[in-house]
Amino acid sequence: MYDSFIRENSNILKDYLLKKYNLKENVTIEKGTISDVEFYTSLPLKIAKKIKKTPMEIANEFSSLKFFGIKKIEVAPPGFLNFYLIDGIYLDYFNSFSVNKHNKNGKKINIEFISANPTGPFNVVSGRAAAYGMALSNLFEYLGWSVTKEYYINDAGRQVNIFANSIYKAYQKKYESRNVEFDEGEYNNPYIYELADIFKSRISDSNDPIELLKKIALKETNDTNKKFLKDIGLEFDIWFSEKSLYDSNKHKNYVLKTLEKKRLLYEKDNALFIKNTELGDSQDWVLKKSNGDYTYLFGDIMYHINKYQRGFDRAINIWGPDHISGVKRLKKALTAFGIPEDFLEVIILQQVELIKGGKKVTMSKRSGNYVTLKEVIDSVGSDAAKYYFLSKTASQHIEFSLDSFEKDNEKSPIFYLQYMFARINGVILKANSLEEPRKITTLLNSEKSIIYNLFLFESIINESVQKMEPSLVITYLSKIATEFHKFYHNNKIIGNENEEELLNFIKKLGIFIKEVLNLLGFTAPERM
RNA sequence: GCGCCCAUGGCUCAGCUGGAUAGAGCAACGGACUUCUAAUCCGUAGGUCGCAGGUUCGAAUCCUGCUGGGCGUACCA
């Protein structure tokens with residue numbers, strides 16, 4: 001409906017220009033940006049020079065053309081043409097409107113996010129990734145993609161050893177009263193003492209406590225985290241273990257042999273390098289260190305080959321800014337395996353900086369200088385926390401201070417959105433009008449402002465997915481909330497002479513609001 | 001040094017493929033509950049869109065330079 005309105009009227013202008021002036025021009029009709037202008041085009045301003053007339057002359061000329069679905073057309077200085085639609089279009093649109101998921105488009109997309117080291121509870125930073133990834137996945141799914149939400153568990157490599165070692169030291173300190181020191185880079189936080197408590201008896205029975213801890217502590221942390229995410233409404237389809245890639249030689253050999261065959265592998269200083277310079281990168285990188293360990297890059301290569309082979313059309317990774325340098329490196333390396341560079345898209349969610357006592361501090365699991373996601377959610381609720389992260393664009397840096405966060409979120413704008421649904425629900429219950437909404441036949445001005453926004457729904461979702469910014473949908477829903485609360489304030493529904501009509505209107509609107517809230521990962525409480 | 005990101009009212013942020021008076025929320029101030037939830041509504045005040053140039057009929061938006069902040073620039077993950 002929206003599309004056809006735009007398309008038909010653009011074509012009318014396009015055809016006119018071609019016939020009258022022999023001018024081929026791209027015509028855009030956009031949603032209004034000021035006061036109550038519904039749609040507009042700035043075409044006269046753009047072509048004034050080309051056809052040697054003033055913008056106002058051109059606009060006046062256009063205004064006498066016959067457009068489709070237009071109630072009123074208006075010329076505004078310095079050369080805009082404003083369109084107002086006939087009510088029938090709004091009514092038809094509303095009556096046929098629904099937020100049905102698109103038909104499956106037959107394409108598969110993998111969205112990997114959070115993927116925090118399994119060495120402790122999530123910190124707030126992961127909350128940003130969680131909220132963002134969840135919403136983005138839902139939006140893709142809405143548009144017909146088959147979405148696989150994936151979590152990559154970094155359970156191989158050095159970090160895990162350090163983690164196990166640290167727990168063992170905590171155990172020795174606490175239960176054997178030994179005077180051990182934590183090394184630089186080791187974990188020294190309350191969580192490892194918790195684990196030492198949990199596994200105390202098994203540690204004392206074991207003759208290889210480090211190996212044992214690597215297994216059980218990782219599993220414990222992972223299980224806890226998994227359960228936590230489930231509690232806030234996030235369930236991953238796949239938990240992919242990095243370690244599993246090393247369990248057999250299959251993946252390793254494939255990578256090494258392929259690179260060798262393509263002469264992209266060489267040894268230097270006892271380490272194994274990939275010749276990324278041959279692939280368009282600025283330098284070569286180590287795959288296997290001189291001590292025999294494989295690097296993170298090597299695991300990432302295996303992992304993404306695996307993703308590619310699983311048949312996804314697109315793969316999106318949501319990473320933190322500290323991984324920026326790894327993007328090019330990985331993409332270039334993957335081309336050696338016939339994986340196109342645009343297969344993998346990396347979204348960088350910018351920094352969440354922790355403010356403590358008015359100062360920025362570096363969040364670190366090792367030092368214990370961090371705020372857990374659980375603390376935050378326990379204090380303000382998961383909807384308010386999600387809103388906080390989701391309402392900011394991905395590239396925006398966030399300064400996070402627990403104190404001001406708690407204070408601000410008592411009045412979190414999420415309540416403004418949810419309250420809209422609760423109000424609708426209240427009226428429906430009170431009117432005891434529980435049947436499905438029927439068509440409406442009249443249109444109030446305040447209803448029109450709301451429907452105007454509904455009109456834009458599909459284009460907002462599309463834009464939001466294309467830009468990968470769920471925040472656009474939040475801004476959009478806020479606009480609807482503003483219109484709704486005005487409408488609600490000005491129209492008493494129960495007892496109104498148009499009660500039936502108004503009830504049908506808000507019922508349908510309520511369904512919409514609930515769908516959109518859920519799409520973004522929020523709940524839609526029926527009362528508040 | 002080089003690369004990526006950020007800079008918009010007191011605070012938190014939208015707007016950025018150039019367009020009409022730069023928008024919200026919080027905080028401040030003044031109004032509205034005998035009414036379907038006032039978690040709401042109405043109003044007032046508050047802005048050299050970091051600075052300086054450039055492109056353009058037109059720049060918060062594009063380009064260049066600069067300043068300030070974050071991150072990265074590993075045989076860390």
# chains A, B, ... in the order shown; residues from 1 in each chain; ligands from 1
$ closest_atom_pairs --of "chain B" --to "range 284-296 of chain A" --cutoff "9 Å" --atoms "only C-alpha atoms (C1' of nucleotides)" --output "CSV"
residue,atom,partner,partner_atom,distance
B:C75,C1',A:Lys289,CA,4.6
B:C76,C1',A:Tyr296,CA,8.8
B:A77,C1',A:Tyr296,CA,6.7
$ interface_residues --of "chain A" --to "chain B" --cutoff "6 Å" --atoms "only C-alpha atoms (C1' of nucleotides)" --output "ChimeraX atom specification"
/A:289,321-322,427
$ residues_around --residues "Lys514 in chain A" --least-positions-apart "3" --cutoff "8 Å" --atoms "only C-alpha atoms (C1' of nucleotides)" --output "list in words"
Phe421, Gly510, Ile511, Leu517, Asn518, Thr523 and Ala524 of chain A
$ closest_residue --among "A:Asn207, A:Phe67, A:Phe94, A:Thr277" --to "Ser449 in chain A" --atoms "only C-alpha atoms"
A:Phe94
$ residues_around --residues "C16 in chain B" --least-positions-apart "5" --cutoff "10 Å" --atoms "only C-alpha atoms (C1' of nucleotides)" --output "list in words"
A60, U61 and C62 of chain B
$ residues_around --residues "range 16-32 of chain A" --least-positions-apart "2" --cutoff "9 Å" --atoms "only C-alpha atoms (C1' of nucleotides)" --output "ChimeraX atom specification"
/A:6-7,9-14,34-43,47,50-51,62,65,82-83,456
$ residues_around --residues "range 49-55 of chain B" --least-positions-apart "3" --cutoff "10 Å" --atoms "only C-alpha atoms (C1' of nucleotides)" --output "PyMOL selection string"
chain B and resi 7-8+22+59-68
$ atom_distance --atom1 "CA of Leu213 in chain A" --atom2 "CA of Met363 in chain A"
24.7 Å
$ select_by_dssp --residues "range 213-398 of chain A" --states "helix (DSSP H, G or I)" --output "MDAnalysis selection string"
chainID A and resid 213:231 243:246 250:261 276:279 296:309 321:335 373:380 382:390
$ residues_around --residues "C29 in chain B" --least-positions-apart "3" --cutoff "12 Å" --atoms "only C-alpha atoms (C1' of nucleotides)" --output "tab-separated table (two decimals) with C-alpha atoms (C1' of nucleotides), in the first residue's frame"
chain	number	residue	atom	x	y	z
B	43	G	C1'	2.54	24.32	28.50
B	44	U	C1'	7.43	27.33	29.69
B	45	A	C1'	12.56	27.64	29.60
B	46	G	C1'	17.10	25.69	27.59
$ atom_distance --atom1 "CA of Met56 in chain A" --atom2 "CA of Val75 in chain A"
7.6 Å
